[in-house]
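In what follows, a single structure is set out as structure tokens and then discussed.
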Amino acid sequence: MDKIQSICPFCCLGCGLELLVNEGTVTGIEYLSKHPNEGALCSRGNTSYEIAQHPERLAIPLIKEGEEFRSVSWDEALKFLANKLMEIKSKYGSKSIGVITSARISNEDCYIAQKFARVALGTANIDNPVRLTHAATLKVLVEGLGYPWATCTLDSIENSDFILIVGANPFEVNPVLARRILRARDNGAVIAVIDPRRTKTTWKSDLHLQVKPGRDVELLLSMLNVIVTSKMVKDEAWKVEGFEGVAKLSEKYAPEEVESEVGVSSKLIRETAFRMALSKKPVIIYSHGITQQQRAVNALRALIALGVATGVFSDGGLVPLTDQNNAQGSCDMGCLADYGPGYTSTERGLTITEMIEAASRGELKALIVIGFNLAASLPDFKLVESALRNLEFLAVIDIFPTETTKLAHVVLPACSWAEYDGTYTNIEGRVQRAFKAIDPFNEAKPVWLILSELATIMGASGFNYTSWMDIFKEITSTVSQYSELTIEKVSEVGGQLVKARPRAEMPSKTSKPEVSEKSSSSFILIAGRAIHHLDTGDLTRRLSFAMAQMPEPYMEVSQEDASKIGLNEGDQVEIKGPKGSLKVKVKITPKGLSGVLFMPIHFPNCSPLSIMEFKVHEETKAPPLKHVHVELTK
């Protein structure tokens with residue numbers, strides 16, 4: 001029995017583990033106690049090895065003929081793909097082609113994907129799924145900090161004395177982080193949570209600000225109002241460009257003036273603000289609940305201003321959470337329409353949503369999608385499917401069949417993380433190597449190798465890599481933040497943090513949020529993540545434990561609303577949104593907000609995203625995926 005050092009392929013924490021390999025097969029995992037996660041894993045990490053040898057894996061290259069796929073050799077598939085891409089490029093120009101990469105593949109894969117787009121195809125149309133989860137983070141933090149990373153390491157959380165969790169549910173989505181939060185609480189830290197829902201995270205909090213959906217901007221400005229009017233702002237905050245303007249704006253948001261609008265009592269707002277201002281080491285943890293709402297940019301600007309006022313950037317830390325294991329690395333490598341490797345300036349290309357719009361108009365002719373179920377990740381599934389069918393050519397590289405592979409003209413099988421060497425960057429900037437544990441499943445190949453071979457066939461130079469190490473060395477010479485990394489250090493347990501920086505850094509500036517008009521609706525449906533599953537469920541629906549615990553979609557309804565409508569646990573309801581309707585079973589939540597529903601996004605055949613309208617935010621070029629106004633009937 002061999003033990004191969006690896007990391008969990010799911011959320012952004014980058015937990016370490018060892019894969020147990022017997023005669024070329026992964027049979028289980030063993031805990032890696034020397035890793036920063038101290039061996040702790042969630043249910044997904046414990047069963048992660050099941051992905052590698054799952055019988056539904058894509059095994060061989062496929063080319064569609066009519067409505068059916070036929071199996072082909074790699075040589076035929078790559079030549080066919082290369083000829084199609086060169087033909088479209090010659091006929092319509094390089095801007096008619098796009099590449100959407102994954103936030104789950106290795107840094108080396110991501111680096112080659114953006115290089116393939118920009119060099120081999122000559123297109124700036126390169127983007128990744130972080131656009132859909134953290135577009136506001138990319139905009140606000142890159143503008144203020146120069147990078148969208150956490151400003152502290154994860155161990156800073158348990159040393160904090162006040163933790164503000166906004167639009168995040170780490171006890172379910174990032175469970176191993178809960179250990180650090182509970183340790184902080186055991187040491188006297190106050191845990192405050194801003195969330196419309198009652199979750200496992202709010203159960204463990206000291207203060208739950210059960211804000212009405214979409215009212216985070218007003219609530220955060222109200223907290224800032226308390227701190228400013230009480231003259232508790234940290235001295236260094238006034239030196240940050242733009243902070244004074246936000247402080248001035250907060251004068252209009254006294255807790256007593258906004259409590260009915262935000263749904264949180266003025267007493268609770270004041271208590272939370274005072275406790276945060278009086279803390280010595282405040283930490284803010286936030287996630288998709290704030291970054292995927294309609295006013296995500298303004299909500300995050302208000303949150304940043306609150307952090308500046310209370311010393312988060314000088315004495316504590318800011319931690320953006322996501323459910324993709326290499327969300328940070330994919331952005332660092334330059335898989336973004338608006339930034340090159342290391343967030344350098346580059347020609348601006350089309351984002352994911354802009355590519356869909358361009359495909360609908362017939363302007364984007366070809367698209368390569370890597371490790372991402374595009375057809376089930378955006379609002380209005382019918383519109384997205386129509387746009388993809390309107391392409392002259394769609395190629396997909398993935399490890400499982402998805403709603404997107406069904407629409408492709410060519411499907412290429414990729415390796416799982418256990419089948420090749422590569423590095424991944426977690427949310428604190430920790431770069432770690434996952435060692436190859438087993439041979440590739442059937443004819444699967446690493447993404448970097450597929451794209452390098454394809455680029456060579458197309459006549460591009462600079463893709464003659466012999467191993468992942470060649471690419472890693474190129475990354476360290478190209479991405480400034482990675483310049484001090486070495487193969488030896490990233491191969492150690494716990495890896496190596498990107499270029500050293502202070503414990504926390506002050507933003508160079510903060511921007512004034514804008515406040516929108518009020519809106520009303522009988523029901524607001526929140527789309528989100530539930531325990532055991534992640535993303536659109538393409539990986540987690542292949543995990544035995546996850547499916548045993550949550551085998552089907554559901555919708556949370558408050559006890560108050562259930563009583564009004566006459567609903568019992570397990571009843572089926574119909575929800576109607578702007579773009580269709582769904583039928584789903586009910587789960588009743590005793591302390592849920594009246595008029596607020598919740599539904600997970602992990603089942604594409606019954607996803608709240610499918611009934612949402614396809615709209616794109618002007619600043620972020622991302623759709624608001626968090627809330628939708630719906631009608632509910634039994």
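Labels used: A, B, ... for chains in the order of the structure tokens, numbers from 1 for residues in each chain, and numbers from 1 for ligands as shown.
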
Can you list, as a PDB file with N, CA, C and O atoms, in the first residue's frame, every residue of segment 53-136 of chain A that DSSP puts in alpha helix (DSSP H)?
```pdb
ATOM      1  N   TRP A  74      -6.572  10.088 -30.098  1.00  0.00           N
ATOM      2  CA  TRP A  74      -6.128  11.438 -29.757  1.00  0.00           C
ATOM      3  C   TRP A  74      -5.622  12.169 -31.003  1.00  0.00           C
ATOM      4  O   TRP A  74      -5.888  13.357 -31.184  1.00  0.00           O
ATOM      5  N   ASP A  75      -4.899  11.475 -31.834  1.00  0.00           N
ATOM      6  CA  ASP A  75      -4.349  12.099 -33.043  1.00  0.00           C
ATOM      7  C   ASP A  75      -5.467  12.644 -33.927  1.00  0.00           C
ATOM      8  O   ASP A  75      -5.396  13.799 -34.379  1.00  0.00           O
ATOM      9  N   GLU A  76      -6.504  11.854 -34.137  1.00  0.00           N
ATOM     10  CA  GLU A  76      -7.612  12.323 -34.975  1.00  0.00           C
ATOM     11  C   GLU A  76      -8.357  13.482 -34.308  1.00  0.00           C
ATOM     12  O   GLU A  76      -8.718  14.472 -34.963  1.00  0.00           O
ATOM     13  N   ALA A  77      -8.581  13.371 -33.005  1.00  0.00           N
ATOM     14  CA  ALA A  77      -9.336  14.402 -32.287  1.00  0.00           C
ATOM     15  C   ALA A  77      -8.604  15.742 -32.308  1.00  0.00           C
ATOM     16  O   ALA A  77      -9.204  16.796 -32.589  1.00  0.00           O
ATOM     17  N   LEU A  78      -7.296  15.725 -32.029  1.00  0.00           N
ATOM     18  CA  LEU A  78      -6.540  16.975 -31.965  1.00  0.00           C
ATOM     19  C   LEU A  78      -6.381  17.601 -33.354  1.00  0.00           C
ATOM     20  O   LEU A  78      -6.454  18.832 -33.497  1.00  0.00           O
ATOM     21  N   LYS A  79      -6.160  16.789 -34.361  1.00  0.00           N
ATOM     22  CA  LYS A  79      -6.045  17.332 -35.720  1.00  0.00           C
ATOM     23  C   LYS A  79      -7.379  17.926 -36.172  1.00  0.00           C
ATOM     24  O   LYS A  79      -7.415  18.997 -36.796  1.00  0.00           O
ATOM     25  N   PHE A  80      -8.475  17.247 -35.850  1.00  0.00           N
ATOM     26  CA  PHE A  80      -9.800  17.749 -36.188  1.00  0.00           C
ATOM     27  C   PHE A  80     -10.055  19.079 -35.494  1.00  0.00           C
ATOM     28  O   PHE A  80     -10.530  20.039 -36.110  1.00  0.00           O
ATOM     29  N   LEU A  81      -9.731  19.134 -34.207  1.00  0.00           N
ATOM     30  CA  LEU A  81      -9.928  20.357 -33.428  1.00  0.00           C
ATOM     31  C   LEU A  81      -9.037  21.485 -33.945  1.00  0.00           C
ATOM     32  O   LEU A  81      -9.493  22.627 -34.119  1.00  0.00           O
ATOM     33  N   ALA A  82      -7.780  21.186 -34.215  1.00  0.00           N
ATOM     34  CA  ALA A  82      -6.848  22.202 -34.716  1.00  0.00           C
ATOM     35  C   ALA A  82      -7.319  22.765 -36.052  1.00  0.00           C
ATOM     36  O   ALA A  82      -7.303  23.985 -36.269  1.00  0.00           O
ATOM     37  N   ASN A  83      -7.746  21.893 -36.950  1.00  0.00           N
ATOM     38  CA  ASN A  83      -8.214  22.351 -38.270  1.00  0.00           C
ATOM     39  C   ASN A  83      -9.443  23.244 -38.140  1.00  0.00           C
ATOM     40  O   ASN A  83      -9.568  24.256 -38.844  1.00  0.00           O
ATOM     41  N   LYS A  84     -10.368  22.870 -37.259  1.00  0.00           N
ATOM     42  CA  LYS A  84     -11.569  23.673 -37.066  1.00  0.00           C
ATOM     43  C   LYS A  84     -11.232  25.058 -36.515  1.00  0.00           C
ATOM     44  O   LYS A  84     -11.759  26.079 -36.970  1.00  0.00           O
ATOM     45  N   LEU A  85     -10.344  25.099 -35.522  1.00  0.00           N
ATOM     46  CA  LEU A  85      -9.976  26.373 -34.926  1.00  0.00           C
ATOM     47  C   LEU A  85      -9.248  27.265 -35.926  1.00  0.00           C
ATOM     48  O   LEU A  85      -9.510  28.480 -36.016  1.00  0.00           O
ATOM     49  N   MET A  86      -8.318  26.696 -36.694  1.00  0.00           N
ATOM     50  CA  MET A  86      -7.583  27.491 -37.688  1.00  0.00           C
ATOM     51  C   MET A  86      -8.510  27.967 -38.803  1.00  0.00           C
ATOM     52  O   MET A  86      -8.381  29.093 -39.298  1.00  0.00           O
ATOM     53  N   GLU A  87      -9.471  27.135 -39.168  1.00  0.00           N
ATOM     54  CA  GLU A  87     -10.429  27.510 -40.205  1.00  0.00           C
ATOM     55  C   GLU A  87     -11.290  28.682 -39.747  1.00  0.00           C
ATOM     56  O   GLU A  87     -11.498  29.648 -40.487  1.00  0.00           O
ATOM     57  N   ILE A  88     -11.780  28.621 -38.514  1.00  0.00           N
ATOM     58  CA  ILE A  88     -12.618  29.696 -37.975  1.00  0.00           C
ATOM     59  C   ILE A  88     -11.799  30.966 -37.770  1.00  0.00           C
ATOM     60  O   ILE A  88     -12.263  32.073 -38.060  1.00  0.00           O
ATOM     61  N   LYS A  89     -10.573  30.812 -37.285  1.00  0.00           N
ATOM     62  CA  LYS A  89      -9.707  31.970 -37.086  1.00  0.00           C
ATOM     63  C   LYS A  89      -9.419  32.657 -38.415  1.00  0.00           C
ATOM     64  O   LYS A  89      -9.449  33.894 -38.518  1.00  0.00           O
ATOM     65  N   SER A  90      -9.154  31.866 -39.457  1.00  0.00           N
ATOM     66  CA  SER A  90      -8.859  32.417 -40.782  1.00  0.00           C
ATOM     67  C   SER A  90     -10.078  33.111 -41.381  1.00  0.00           C
ATOM     68  O   SER A  90      -9.970  34.161 -42.003  1.00  0.00           O
ATOM     69  N   LYS A  91     -11.239  32.553 -41.143  1.00  0.00           N
ATOM     70  CA  LYS A  91     -12.472  33.060 -41.756  1.00  0.00           C
ATOM     71  C   LYS A  91     -13.031  34.275 -41.026  1.00  0.00           C
ATOM     72  O   LYS A  91     -13.489  35.246 -41.649  1.00  0.00           O
ATOM     73  N   TYR A  92     -12.996  34.238 -39.674  1.00  0.00           N
ATOM     74  CA  TYR A  92     -13.665  35.287 -38.894  1.00  0.00           C
ATOM     75  C   TYR A  92     -12.725  36.135 -38.039  1.00  0.00           C
ATOM     76  O   TYR A  92     -13.139  37.152 -37.485  1.00  0.00           O
ATOM     77  N   ASN A 107      -2.476  24.959 -11.431  1.00  0.00           N
ATOM     78  CA  ASN A 107      -1.900  26.229 -11.890  1.00  0.00           C
ATOM     79  C   ASN A 107      -1.249  26.070 -13.260  1.00  0.00           C
ATOM     80  O   ASN A 107      -1.352  26.949 -14.119  1.00  0.00           O
ATOM     81  N   GLU A 108      -0.579  24.933 -13.453  1.00  0.00           N
ATOM     82  CA  GLU A 108       0.104  24.705 -14.723  1.00  0.00           C
ATOM     83  C   GLU A 108      -0.906  24.580 -15.861  1.00  0.00           C
ATOM     84  O   GLU A 108      -0.707  25.113 -16.955  1.00  0.00           O
ATOM     85  N   ASP A 109      -2.009  23.891 -15.606  1.00  0.00           N
ATOM     86  CA  ASP A 109      -3.086  23.807 -16.593  1.00  0.00           C
ATOM     87  C   ASP A 109      -3.617  25.189 -16.936  1.00  0.00           C
ATOM     88  O   ASP A 109      -3.821  25.535 -18.105  1.00  0.00           O
ATOM     89  N   CYS A 110      -3.888  25.977 -15.879  1.00  0.00           N
ATOM     90  CA  CYS A 110      -4.463  27.314 -16.078  1.00  0.00           C
ATOM     91  C   CYS A 110      -3.507  28.223 -16.840  1.00  0.00           C
ATOM     92  O   CYS A 110      -3.921  28.976 -17.732  1.00  0.00           O
ATOM     93  N   TYR A 111      -2.243  28.156 -16.482  1.00  0.00           N
ATOM     94  CA  TYR A 111      -1.252  29.012 -17.153  1.00  0.00           C
ATOM     95  C   TYR A 111      -1.193  28.692 -18.648  1.00  0.00           C
ATOM     96  O   TYR A 111      -1.181  29.595 -19.500  1.00  0.00           O
ATOM     97  N   ILE A 112      -1.174  27.399 -18.975  1.00  0.00           N
ATOM     98  CA  ILE A 112      -1.120  27.002 -20.385  1.00  0.00           C
ATOM     99  C   ILE A 112      -2.431  27.364 -21.096  1.00  0.00           C
ATOM    100  O   ILE A 112      -2.414  27.740 -22.272  1.00  0.00           O
ATOM    101  N   ALA A 113      -3.551  27.283 -20.398  1.00  0.00           N
ATOM    102  CA  ALA A 113      -4.840  27.631 -21.012  1.00  0.00           C
ATOM    103  C   ALA A 113      -4.860  29.090 -21.453  1.00  0.00           C
ATOM    104  O   ALA A 113      -5.271  29.407 -22.581  1.00  0.00           O
ATOM    105  N   GLN A 114      -4.390  30.001 -20.585  1.00  0.00           N
ATOM    106  CA  GLN A 114      -4.393  31.411 -20.983  1.00  0.00           C
ATOM    107  C   GLN A 114      -3.317  31.686 -22.038  1.00  0.00           C
ATOM    108  O   GLN A 114      -3.515  32.517 -22.928  1.00  0.00           O
ATOM    109  N   LYS A 115      -2.199  30.966 -21.944  1.00  0.00           N
ATOM    110  CA  LYS A 115      -1.154  31.141 -22.952  1.00  0.00           C
ATOM    111  C   LYS A 115      -1.634  30.605 -24.301  1.00  0.00           C
ATOM    112  O   LYS A 115      -1.376  31.228 -25.357  1.00  0.00           O
ATOM    113  N   VAL A 130     -14.575  31.998 -11.683  1.00  0.00           N
ATOM    114  CA  VAL A 130     -14.513  32.973 -10.595  1.00  0.00           C
ATOM    115  C   VAL A 130     -15.268  34.243 -10.980  1.00  0.00           C
ATOM    116  O   VAL A 130     -15.738  34.988 -10.125  1.00  0.00           O
ATOM    117  N   ARG A 131     -15.415  34.468 -12.274  1.00  0.00           N
ATOM    118  CA  ARG A 131     -16.214  35.598 -12.754  1.00  0.00           C
ATOM    119  C   ARG A 131     -17.635  35.518 -12.198  1.00  0.00           C
ATOM    120  O   ARG A 131     -18.269  36.545 -11.944  1.00  0.00           O
ATOM    121  N   LEU A 132     -18.140  34.313 -12.023  1.00  0.00           N
ATOM    122  CA  LEU A 132     -19.521  34.136 -11.574  1.00  0.00           C
ATOM    123  C   LEU A 132     -19.640  34.138 -10.059  1.00  0.00           C
ATOM    124  O   LEU A 132     -20.711  34.429  -9.525  1.00  0.00           O
ATOM    125  N   THR A 133     -18.577  33.806  -9.352  1.00  0.00           N
ATOM    126  CA  THR A 133     -18.641  33.728  -7.897  1.00  0.00           C
ATOM    127  C   THR A 133     -18.029  34.927  -7.198  1.00  0.00           C
ATOM    128  O   THR A 133     -18.529  35.359  -6.154  1.00  0.00           O
ATOM    129  N   HIS A 134     -16.949  35.481  -7.758  1.00  0.00           N
ATOM    130  CA  HIS A 134     -16.228  36.549  -7.058  1.00  0.00           C
ATOM    131  C   HIS A 134     -15.830  37.705  -7.982  1.00  0.00           C
ATOM    132  O   HIS A 134     -14.763  38.293  -7.818  1.00  0.00           O
ATOM    133  N   ALA A 135     -16.699  38.044  -8.935  1.00  0.00           N
ATOM    134  CA  ALA A 135     -16.384  39.171  -9.816  1.00  0.00           C
ATOM    135  C   ALA A 135     -16.219  40.457  -9.017  1.00  0.00           C
ATOM    136  O   ALA A 135     -15.344  41.279  -9.308  1.00  0.00           O
ATOM    137  N   ALA A 136     -17.044  40.635  -7.991  1.00  0.00           N
ATOM    138  CA  ALA A 136     -16.931  41.843  -7.163  1.00  0.00           C
ATOM    139  C   ALA A 136     -15.607  41.866  -6.416  1.00  0.00           C
ATOM    140  O   ALA A 136     -14.980  42.926  -6.254  1.00  0.00           O
TER     141      ALA A 136
END
```

* To do: Would you mind listing what lies within 7 Å of segment 561-573 of chain A as number ranges by chain, with only C-alpha atoms counted and same-chain residues fewer than 2 positions away left out?
  => A: 557-559, 575, 583-588, 594-595, 632-634

* **Option closest in space to Pro170 of chain A, from A:Arg270, A:His532, A:Lys231, A:His54 [counting only C-alpha atoms]** =>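 Checking each of A:Arg270, A:His532, A:Lys231, A:His54 against Pro170 of chain A, counting only C-alpha atoms, the winner is A:His532.
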
* Of the candidates A:Ile356, A:Thr478, A:Gln294, A:Gly494, which shows the shortest atom-to-atom distance to Pro624 of chain A, using only C-alpha atoms? ->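 Selected residue with least distance to Pro624 of chain A: A:Gln294.
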
* **Which of A:Pro341, A:Gly371, A:Gly307, A:Gly316 sits closest to Val447 of chain A [using only C-alpha atoms]** => A:Gly371

Find the residues of segment 223-336 of chain A that sit at most 9 Å from segment 139-163 of chain A; for each, write down the nearest two atoms and how far apart they are in Å, to one decimal. Count only C-alpha atoms. Sort by chain, then by number going up, and give it as CSV.
```
residue,atom,partner,partner_atom,distance
A:Arg275,CA,A:Phe162,CA,7.6
A:Met276,CA,A:Phe162,CA,6.3
A:Ser279,CA,A:Phe162,CA,6.1
A:Lys280,CA,A:Asp161,CA,6.7
A:Lys281,CA,A:Ser160,CA,5.0
A:Pro282,CA,A:Phe162,CA,4.8
A:Val283,CA,A:Ile163,CA,4.9
A:Ile284,CA,A:Ile163,CA,5.8
A:Ile285,CA,A:Ile163,CA,7.3
A:Val297,CA,A:Val140,CA,6.9
A:Leu300,CA,A:Val140,CA,7.2
A:Arg301,CA,A:Val140,CA,6.8
A:Ile304,CA,A:Val140,CA,8.7
A:Phe313,CA,A:Thr151,CA,7.3
A:Gly316,CA,A:Ser160,CA,7.0
A:Gly317,CA,A:Cys152,CA,5.0
A:Leu318,CA,A:Thr151,CA,5.3
A:Val319,CA,A:Ala150,CA,4.6
A:Pro320,CA,A:Ala150,CA,6.2
A:Leu321,CA,A:Ala150,CA,8.8
A:Gln328,CA,A:Trp149,CA,7.2
A:Cys331,CA,A:Pro148,CA,8.9
A:Asp332,CA,A:Tyr147,CA,8.7
```

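Nearest-residue note for Ile531 of chain A: choosing from A:Asn464, A:Ser610, A:Asn174, A:Ser266, the minimum distance belongs to A:Asn174, counting only C-alpha atoms.
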